[in-house]
Structure formats: C-alpha cells, structure tokens
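> My questions will all concern the structure given below.
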Amino acid sequence: RFDLAPVNRVIAGYGTGFELSGTLGFDAGISIDNKKISSHGSLTVSTRALPALPLRYSLMLDRAGHDRFRLELWSAPLKLYEISGLAGSGSLCFANPEFRAEFSGNVFKNRGRLNCRIGKIKIHDKNININTGPVSISSAILFDFTDGGKGADIGTKISAENFVARFRKGSADFNMISLSGKLKADKTLKVSAAFEITGSGGQAGFPGYKTRVSGIEFKMPMHYPAPLRPSATGVFSIDRIRYDKSFDFFTKGKIVQAGMYGCRVNGRAGFEKIPGLSVRFSSLVSFEEKFFTAVKFSTNIIDIKDSGIKELISDLPEDSEISGMASVWGKVRFSEGSLKTGMDFDLQNGKIRLPDMDLTASGINTRIK
C-alpha cells in the first residue's frame with residue numbers, strides 16, 4: 001500500500017490547486033521478458049473524499065520500443081458506490097457502475113478510450129433530488145506533448161435516460177439529457193472547451209405558480225472561455241405551457257450563450273385559444289454573480305372581435321360586443337429579488353357594447369401605459 005500524498009507535489013507543480021491524498025493498494029503479478037514488462041492485478045484507491053474503489057488492470061511496457069506502453073483499467077463488479085458528505089449533507093449514489101479505460105503510446109504521446117455505464121444515479125441534497133435511469137459516458141482521448149504536438153484533445157459524450165429532478169418550487173423530467181463536445185489543453189495547460197447540451201421529451205411543473213409545461217426540447221451550445229461574439233446557436237421548443245388550467249400557449253426560438261453563466265433567448269409564442277395572436281420576445285438570463293433576467297415582448301396587431309379574446313374575459317355577458325385593433329408591448333426585469341414590469345396597450349377604432357348596462361362606446365383610440 002502506498003500513501004498518495006506525495007503525488008500532491010507533482011500536481012501542485014501544474015498550479016491546478018487540486019489535492020489528492022489517501023492510499024493506493026494493489027495485488028499484482030509481474031513478468032519480464034527481453035525488456036518487456038507485463039503486470040496485471042487489482043487496485044484499490046481511496047481518498048478523503050472518495051470511499052474505496054476496486055479496479056483491475058493490465059499493463060505492458062516495452063523498454064526496447066521507446067518505452068511504449070499499453071494500459072487497460074476496468075472496474076471490479078460493484079453493485080453500489082456511494083459518496084456522502086457532498087456540500088455538507090448531500091450524497092451521490094451509483095448503481096451497478098461499469099468502467100473501462102485503455103491507453104497506448106508513450107509518456108509524451110498516447111491515445112486512449114474510456115467507456116462507462118451506470119445503471120442509475122441518485123443525487124440527494126437539501127435543495128434538490130436528482131434520479132436517472134441508465135447513464136453512459138464515452139471518451140476518445142489524445143495526449144501529444146511532443147515537439148509537433150498540440151497538447152490534449154478529449155472528445156466526450158454523456159447521456160442520461162429518464163432524468164428526474166425534484167426541487168422546492170417544482171420538478172422537471174426528461175426522457176433524455178445528453179452532453180457532447182471536446183475539451184482541449186495546449187502544452188501550457190491552457191484549457192478550452194466546446195460542448196452542446198440537449199434535452200428531449202421534457203416536462204416540468206410549478207404548483208406554487210399554477211404552471212405546467214410539457215413537450216420541452218432544447219439544444220444549447222456552450223464554450224469556455226465564453227466567446228465575445230458567439231457563432232453557435234441553439235434552439236428550443238415547448239409544445240404547451242398551461243397556466244391556472246385556463247391559458248395554454250406554446251413557444252419556440254433560439255438560444256445563444258451570453259458570458260460564462262448566461263444566455264440570450266429569442267423566439268415567438270402563440271396561444272391555442274387565440275390563433276391570430278403572436279408574441280415576439282427577447283430575453284437575457286444570467287447567473288454571473290446573482291440571478292438576473294430581462295425580457296422584452298411585443299404582439300402583432302390583432303382584431304379583438306375575431307381573435308377569441310372575448311371568450312377569455314369571463315366577466316363579459318354573452319350578448320356583449322367588443323371589437324377593435326389592439327397590440328401590446330412591454331418588458332420585465334428581475335434582479336436581486338426585485339421585479340419590475342412595464343407594458344403599453346394600444347387600441348385603435350375600438351368599440352364596446354354592454355346591453356345589460358345600456359352602454360355603447362365606439363371610435364375608441366387610446367394608449368395605456
């Protein structure tokens with residue numbers, strides 16, 4: 001068994017700030033044949049943060065062939081692997097994890113592949129609980145630190161089926177969540193990344209806000225460092241947003257990264273009961289320091305009489321009449337717990353007739369702010 005603490009001195013030399021401590025235990029068989037060294041056996045790694053992880057390995061080192069090596073590493077059978085104490089009281093649990101990695105080459109240039117399958121993942125925290133079905137992870141890895149090399153290039157794809165999140169204000173479910181892309185590091189260990197996260201078959205509920213969302217699909221590109229002028233555009237669509245069991249609308253649009261922890265969303269929304277009404281909106285959502293969002297919206301000019309708006313105004317008598325050309329535009333801003341709103345309503349050539357009140361008004365032209 002070996003103490004892993006001395007490895008910190010090597011890691012610290014790269015300025016990562018990462019610390020590793022614990023023990024490495026192994027049971028190995030070793031053979032040497034004409035400068036070829038072969039070893040195989042079992043490993044057990046444990047640290048302050050991670051419980052014991054049993055692994056198997058196979059290693060071949062050719063001292064006569066420029067110190068070329070081939071390393072295979074895979075997990076021993078394990079039904080459950082649980083990490084506790086995350087963020088104070090949280091826990092992370094993996095059911096039936098299977099892991100396999102292969103690397104070949106030499107110290108300065110080598111290639112590898114990593115594949116991992118997990119039966120289920122459970123994340124428990126005081127603020128959120130996440131459960132998934134099967135999870136798969138695959139990576140193609142190239143390390144090239146030779147004179148003509150460009151450093152590290154890691155292509156990765158992660159997908160999780162039956163993703164379910166429960167939090168204080170509501171819940172969100174997706175048939176599939178996936179993340180794919182590349183992580184690169186040059187020979188000075190300057191890191192860059194380009195990933196795309198997608199979700200399909202999504203639905204969400206917020207009982208406190210009387211809102212239910214279904215048919216969520218999205219695809220969003222993310223880059224690190226965040227580009228000044230993002231060139232990759234994502235898309236989203238929602239089949240139905242139901243508010244208070246009365247108002248149903250749908251939406252779709254585009255998503256563009258804004259900073260490291262934000263995005264711009266532009267799109268259109270329509271209402272099932274008002275076929276002629278279309279709402280255009282643009283918004284900014286940011287988590288850079290504190291949560292911030294700003295939304296601007298506007299509608300097309302619509303004929304109130306033919307649009308179906310009357311049917312949504314429950315207080316109007318059946319024999320009443322309302323007509324005119326109307327449009328709305330406005331803005332919403334939320335920052336540091338403060339909500340600010342503003343809206344303009346424009347009505348041209350309006351008419352209203354309420355027989356039960358013997359009231360008729362026509363030629364109404366007004367703008368209300």
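By order of appearance in the structure tokens: chains A, B, ..., then residues from 1 within every chain, and ligands from 1 in the order shown.
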Please give the complete set of residues from segment 95-145 of chain A that DSSP, run on the backbone, assigns to strand (DSSP E or B), formatted as a ChimeraX atom specification.
/A:95,98-105,109-118,120-124,128-132,135-144
> Pick out the residues sitting within 7 Å of Ile83 of chain A, and hand them over as a VMD selection string; count only C-alpha atoms, and ignore anything fewer than 2 positions along from it in its own chain.
chain A and resid 50 to 51 81 85 91 to 93
> Could you turn the residues from that selection into a file that holds all heavy atoms, as a compact mmCIF listing (two decimals), in the first residue's frame?

# COMPACT_ATOMS: atom_id res chain seq x y z
N LEU A 50 -13.41 10.17 -1.36
CA LEU A 50 -13.99 9.02 -2.03
C LEU A 50 -13.77 7.74 -1.23
O LEU A 50 -12.66 7.50 -0.73
CB LEU A 50 -13.35 8.84 -3.42
CG LEU A 50 -13.49 10.02 -4.38
CD1 LEU A 50 -12.73 9.71 -5.67
CD2 LEU A 50 -14.94 10.32 -4.67
N PRO A 51 -14.80 6.90 -1.13
CA PRO A 51 -14.61 5.59 -0.50
C PRO A 51 -13.79 4.67 -1.40
O PRO A 51 -13.51 5.01 -2.56
CB PRO A 51 -16.05 5.08 -0.33
CG PRO A 51 -16.83 5.80 -1.38
CD PRO A 51 -16.19 7.13 -1.54
N TYR A 81 -22.00 2.22 -5.36
CA TYR A 81 -20.87 3.06 -4.97
C TYR A 81 -21.45 4.40 -4.53
O TYR A 81 -22.08 5.10 -5.31
CB TYR A 81 -19.91 3.26 -6.15
CG TYR A 81 -18.65 3.99 -5.78
CD1 TYR A 81 -17.65 3.37 -5.03
CD2 TYR A 81 -18.44 5.31 -6.17
CE1 TYR A 81 -16.48 4.04 -4.70
CE2 TYR A 81 -17.29 5.99 -5.84
CZ TYR A 81 -16.31 5.35 -5.10
OH TYR A 81 -15.16 6.01 -4.76
N GLY A 85 -21.48 13.23 2.14
CA GLY A 85 -20.85 14.45 2.63
C GLY A 85 -20.63 15.50 1.57
O GLY A 85 -19.85 16.43 1.77
N SER A 91 -25.44 13.57 -0.93
CA SER A 91 -24.89 12.25 -1.24
C SER A 91 -25.06 11.97 -2.73
O SER A 91 -25.96 12.51 -3.39
CB SER A 91 -25.58 11.16 -0.43
OG SER A 91 -26.96 11.07 -0.76
N LEU A 92 -24.17 11.14 -3.26
CA LEU A 92 -24.17 10.75 -4.67
C LEU A 92 -24.02 9.24 -4.72
O LEU A 92 -23.07 8.68 -4.16
CB LEU A 92 -23.01 11.44 -5.40
CG LEU A 92 -22.75 11.05 -6.85
CD1 LEU A 92 -23.96 11.37 -7.72
CD2 LEU A 92 -21.51 11.78 -7.38
N CYS A 93 -24.97 8.58 -5.39
CA CYS A 93 -25.00 7.12 -5.39
C CYS A 93 -25.04 6.60 -6.82
O CYS A 93 -25.85 7.07 -7.64
CB CYS A 93 -26.23 6.64 -4.61
SG CYS A 93 -26.34 4.86 -4.48
> Considering only C-alpha atoms, can you say which of A:Leu284, A:Cys116, A:Leu189, A:Ile241 comes closest to Ala160 of chain A?
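Closest residue, counting only C-alpha atoms: A:Cys116.
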> Would you mind listing what lies within 7 Å of segment 120-136 of chain A as a ChimeraX atom specification, with only C-alpha atoms counted and same-chain residues fewer than 3 positions away left out?
/A:89-95,116-117,158-168
> Those residues with N, CA, C and O atoms, as a tab-separated table (two decimals), in the first residue's frame please?

chain	number	residue	atom	x	y	z
A	89	SER	N	-24.14	17.96	3.42
A	89	SER	CA	-25.04	16.87	3.78
A	89	SER	C	-25.54	16.08	2.57
A	89	SER	O	-26.39	15.21	2.71
A	90	GLY	N	-25.04	16.37	1.39
A	90	GLY	CA	-25.52	15.69	0.19
A	90	GLY	C	-24.87	14.34	0.00
A	90	GLY	O	-23.89	13.97	0.65
A	91	SER	N	-25.44	13.57	-0.93
A	91	SER	CA	-24.89	12.25	-1.24
A	91	SER	C	-25.06	11.97	-2.73
A	91	SER	O	-25.96	12.51	-3.39
A	92	LEU	N	-24.17	11.14	-3.26
A	92	LEU	CA	-24.17	10.75	-4.67
A	92	LEU	C	-24.02	9.24	-4.72
A	92	LEU	O	-23.07	8.68	-4.16
A	93	CYS	N	-24.97	8.58	-5.39
A	93	CYS	CA	-25.00	7.12	-5.39
A	93	CYS	C	-25.04	6.60	-6.82
A	93	CYS	O	-25.85	7.07	-7.64
A	94	PHE	N	-24.15	5.64	-7.14
A	94	PHE	CA	-24.10	4.99	-8.45
A	94	PHE	C	-24.51	3.54	-8.29
A	94	PHE	O	-23.93	2.83	-7.47
A	95	ALA	N	-25.47	3.09	-9.09
A	95	ALA	CA	-25.90	1.70	-9.05
A	95	ALA	C	-25.30	0.93	-10.22
A	95	ALA	O	-25.37	1.39	-11.37
A	116	CYS	N	-18.00	4.10	-19.85
A	116	CYS	CA	-18.59	3.89	-18.53
A	116	CYS	C	-20.10	3.76	-18.67
A	116	CYS	O	-20.73	4.52	-19.41
A	117	ARG	N	-20.67	2.79	-17.99
A	117	ARG	CA	-22.11	2.63	-17.93
A	117	ARG	C	-22.53	2.52	-16.47
A	117	ARG	O	-21.90	1.82	-15.68
A	158	ILE	N	-21.88	12.22	-22.94
A	158	ILE	CA	-22.55	11.73	-21.73
A	158	ILE	C	-24.06	11.78	-21.99
A	158	ILE	O	-24.58	12.80	-22.44
A	159	SER	N	-24.75	10.69	-21.74
A	159	SER	CA	-26.20	10.69	-21.91
A	159	SER	C	-26.86	10.01	-20.72
A	159	SER	O	-26.33	9.04	-20.18
A	160	ALA	N	-27.98	10.57	-20.30
A	160	ALA	CA	-28.73	10.04	-19.16
A	160	ALA	C	-30.19	9.87	-19.56
A	160	ALA	O	-30.81	10.83	-20.04
A	161	GLU	N	-30.73	8.68	-19.37
A	161	GLU	CA	-32.13	8.42	-19.66
A	161	GLU	C	-32.98	8.67	-18.41
A	161	GLU	O	-32.50	8.55	-17.29
A	162	ASN	N	-34.24	9.00	-18.65
A	162	ASN	CA	-35.22	9.15	-17.56
A	162	ASN	C	-34.68	10.05	-16.44
A	162	ASN	O	-34.63	9.67	-15.27
A	163	PHE	N	-34.31	11.25	-16.83
A	163	PHE	CA	-33.76	12.23	-15.89
A	163	PHE	C	-34.92	12.89	-15.13
A	163	PHE	O	-35.85	13.44	-15.73
A	164	VAL	N	-34.86	12.84	-13.80
A	164	VAL	CA	-35.92	13.41	-12.96
A	164	VAL	C	-35.28	14.29	-11.88
A	164	VAL	O	-34.39	13.83	-11.15
A	165	ALA	N	-35.72	15.53	-11.79
A	165	ALA	CA	-35.24	16.46	-10.76
A	165	ALA	C	-36.41	16.97	-9.95
A	165	ALA	O	-37.44	17.38	-10.51
A	166	ARG	N	-36.27	16.94	-8.63
A	166	ARG	CA	-37.28	17.46	-7.72
A	166	ARG	C	-36.65	18.54	-6.85
A	166	ARG	O	-35.60	18.30	-6.24
A	167	PHE	N	-37.25	19.71	-6.81
A	167	PHE	CA	-36.72	20.80	-6.01
A	167	PHE	C	-37.87	21.50	-5.30
A	167	PHE	O	-39.05	21.12	-5.48
A	168	ARG	N	-37.55	22.50	-4.50
A	168	ARG	CA	-38.56	23.09	-3.63
A	168	ARG	C	-39.74	23.69	-4.39
A	168	ARG	O	-40.89	23.58	-3.98
> At a cut-off of 8 Å, using only C-alpha atoms, what residues contact Asn115 of chain A? Leave out same-chain residues fewer than 2 positions from it and give the result as number ranges by chain.
A: 99-101, 113, 117, 136-139
> Generate a file of the selected residues that holds N, CA, C and O atoms, formatted as a PDB file, in the first residue's frame.

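The resulting file, result.pdb, is reproduced below:
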ATOM      1  N   PHE A  99     -16.863   0.355 -15.640  1.00  0.00           N
ATOM      2  CA  PHE A  99     -15.878   1.315 -16.145  1.00  0.00           C
ATOM      3  C   PHE A  99     -14.762   0.565 -16.849  1.00  0.00           C
ATOM      4  O   PHE A  99     -14.288  -0.487 -16.370  1.00  0.00           O
ATOM      5  N   ARG A 100     -14.340   1.097 -17.995  1.00  0.00           N
ATOM      6  CA  ARG A 100     -13.192   0.521 -18.694  1.00  0.00           C
ATOM      7  C   ARG A 100     -12.441   1.617 -19.436  1.00  0.00           C
ATOM      8  O   ARG A 100     -13.049   2.458 -20.103  1.00  0.00           O
ATOM      9  N   ALA A 101     -11.100   1.605 -19.311  1.00  0.00           N
ATOM     10  CA  ALA A 101     -10.251   2.585 -19.981  1.00  0.00           C
ATOM     11  C   ALA A 101      -9.058   1.875 -20.600  1.00  0.00           C
ATOM     12  O   ALA A 101      -8.532   0.911 -20.033  1.00  0.00           O
ATOM     13  N   ARG A 113      -9.159   5.419 -24.789  1.00  0.00           N
ATOM     14  CA  ARG A 113     -10.614   5.407 -24.849  1.00  0.00           C
ATOM     15  C   ARG A 113     -11.147   5.094 -23.451  1.00  0.00           C
ATOM     16  O   ARG A 113     -10.546   4.318 -22.700  1.00  0.00           O
ATOM     17  N   ARG A 117     -20.665   2.786 -17.986  1.00  0.00           N
ATOM     18  CA  ARG A 117     -22.112   2.628 -17.930  1.00  0.00           C
ATOM     19  C   ARG A 117     -22.534   2.521 -16.469  1.00  0.00           C
ATOM     20  O   ARG A 117     -21.898   1.819 -15.677  1.00  0.00           O
ATOM     21  N   SER A 136     -24.613   6.640 -19.736  1.00  0.00           N
ATOM     22  CA  SER A 136     -23.434   6.171 -20.475  1.00  0.00           C
ATOM     23  C   SER A 136     -22.478   7.331 -20.705  1.00  0.00           C
ATOM     24  O   SER A 136     -22.902   8.461 -20.955  1.00  0.00           O
ATOM     25  N   ILE A 137     -21.191   7.023 -20.601  1.00  0.00           N
ATOM     26  CA  ILE A 137     -20.126   8.005 -20.810  1.00  0.00           C
ATOM     27  C   ILE A 137     -19.085   7.386 -21.724  1.00  0.00           C
ATOM     28  O   ILE A 137     -18.627   6.263 -21.480  1.00  0.00           O
ATOM     29  N   SER A 138     -18.708   8.085 -22.792  1.00  0.00           N
ATOM     30  CA  SER A 138     -17.655   7.601 -23.679  1.00  0.00           C
ATOM     31  C   SER A 138     -16.731   8.753 -24.039  1.00  0.00           C
ATOM     32  O   SER A 138     -17.186   9.880 -24.236  1.00  0.00           O
ATOM     33  N   SER A 139     -15.440   8.459 -24.105  1.00  0.00           N
ATOM     34  CA  SER A 139     -14.447   9.485 -24.412  1.00  0.00           C
ATOM     35  C   SER A 139     -13.367   8.913 -25.315  1.00  0.00           C
ATOM     36  O   SER A 139     -12.943   7.759 -25.152  1.00  0.00           O
TER      37      SER A 139
END
> List every residue of segment 192-366 of chain A that DSSP, applied to the backbone of this structure, assigns to helix (DSSP H, G or I), and report them as a compact mmCIF listing (two decimals) with N, CA, C and O atoms, in the first residue's frame.

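Generated output (out.txt):
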# COMPACT_ATOMS: atom_id res chain seq x y z
N PRO A 207 -46.24 23.93 -9.01
CA PRO A 207 -47.57 24.05 -8.40
C PRO A 207 -47.83 25.41 -7.76
O PRO A 207 -48.94 25.93 -7.83
N GLY A 208 -46.80 25.98 -7.12
CA GLY A 208 -46.99 27.26 -6.47
C GLY A 208 -47.32 28.38 -7.44
O GLY A 208 -47.92 29.39 -7.05
N TYR A 209 -46.93 28.20 -8.70
CA TYR A 209 -47.22 29.20 -9.73
C TYR A 209 -48.33 28.73 -10.68
O TYR A 209 -48.55 29.35 -11.72
N ILE A 304 -59.64 42.29 -32.15
CA ILE A 304 -60.15 41.71 -30.91
C ILE A 304 -61.42 40.90 -31.17
O ILE A 304 -61.61 39.82 -30.59
N LYS A 305 -62.28 41.38 -32.04
CA LYS A 305 -63.57 40.71 -32.26
C LYS A 305 -63.38 39.30 -32.81
O LYS A 305 -64.09 38.37 -32.42
N ASP A 306 -62.45 39.13 -33.75
CA ASP A 306 -62.27 37.84 -34.41
C ASP A 306 -61.22 36.95 -33.75
O ASP A 306 -61.02 35.82 -34.16
N SER A 307 -60.52 37.46 -32.76
CA SER A 307 -59.37 36.73 -32.22
C SER A 307 -59.73 35.67 -31.21
O SER A 307 -58.98 34.73 -30.97
N ILE A 309 -60.38 36.67 -28.01
CA ILE A 309 -60.04 37.26 -26.71
C ILE A 309 -61.29 37.41 -25.84
O ILE A 309 -61.24 37.23 -24.63
N LYS A 310 -62.42 37.70 -26.47
CA LYS A 310 -63.65 37.88 -25.69
C LYS A 310 -63.95 36.65 -24.84
O LYS A 310 -64.39 36.76 -23.70
N GLU A 311 -63.72 35.46 -25.40
CA GLU A 311 -64.02 34.23 -24.68
C GLU A 311 -63.17 34.06 -23.43
O GLU A 311 -63.53 33.33 -22.50
N LEU A 312 -62.03 34.74 -23.38
CA LEU A 312 -61.14 34.63 -22.22
C LEU A 312 -61.52 35.59 -21.10
O LEU A 312 -61.03 35.47 -19.98
N PRO A 355 -75.20 45.56 -23.40
CA PRO A 355 -76.66 45.78 -23.37
C PRO A 355 -77.25 45.81 -21.96
O PRO A 355 -78.18 46.59 -21.70
N ASP A 356 -76.74 44.97 -21.06
CA ASP A 356 -77.33 44.94 -19.72
C ASP A 356 -77.09 46.23 -18.96
O ASP A 356 -77.79 46.55 -18.00
N MET A 357 -76.10 47.01 -19.39
CA MET A 357 -75.83 48.31 -18.77
C MET A 357 -76.27 49.47 -19.66
O MET A 357 -76.06 50.63 -19.32
> Show which residues sit within 8 Å of Gly330 of chain A, as a list in words. Count only C-alpha atoms, and ignore same-chain residues fewer than 2 positions away.
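Non-adjacent residues within range: Lys296, Phe297, Ser298, Val328, Val332, Thr341, Gly342, Met343 and Asp344 of chain A.
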> Which residues are near segment 217-227 of chain A? Cut-off 6 Å, only C-alpha atoms, ignore same chain within fewer than 2 positions. Put them as a PyMOL selection string.
chain A and resi 192-200+229-230+234-237+259-260
> Could you turn the residues from that selection into a file that holds C-alpha atoms, as a PDB file, in the first residue's frame?

ATOM      1  CA  SER A 192     -10.688  25.441 -23.828  1.00  0.00           C
ATOM      2  CA  ALA A 193     -13.943  23.574 -24.312  1.00  0.00           C
ATOM      3  CA  ALA A 194     -16.886  23.431 -26.711  1.00  0.00           C
ATOM      4  CA  PHE A 195     -19.925  21.406 -25.671  1.00  0.00           C
ATOM      5  CA  GLU A 196     -23.553  21.006 -26.627  1.00  0.00           C
ATOM      6  CA  ILE A 197     -26.244  20.012 -24.151  1.00  0.00           C
ATOM      7  CA  THR A 198     -29.560  18.622 -25.417  1.00  0.00           C
ATOM      8  CA  GLY A 199     -32.803  17.580 -23.793  1.00  0.00           C
ATOM      9  CA  SER A 200     -35.819  15.779 -25.223  1.00  0.00           C
ATOM     10  CA  ARG A 229     -19.369  37.002 -30.300  1.00  0.00           C
ATOM     11  CA  PRO A 230     -20.922  33.530 -30.122  1.00  0.00           C
ATOM     12  CA  GLY A 234     -29.065  26.609 -30.086  1.00  0.00           C
ATOM     13  CA  VAL A 235     -32.795  26.025 -30.423  1.00  0.00           C
ATOM     14  CA  PHE A 236     -35.711  25.240 -28.128  1.00  0.00           C
ATOM     15  CA  SER A 237     -39.412  24.456 -28.373  1.00  0.00           C
ATOM     16  CA  GLY A 259     -20.984  35.194 -20.916  1.00  0.00           C
ATOM     17  CA  MET A 260     -19.870  32.159 -18.986  1.00  0.00           C
TER      18      MET A 260
END
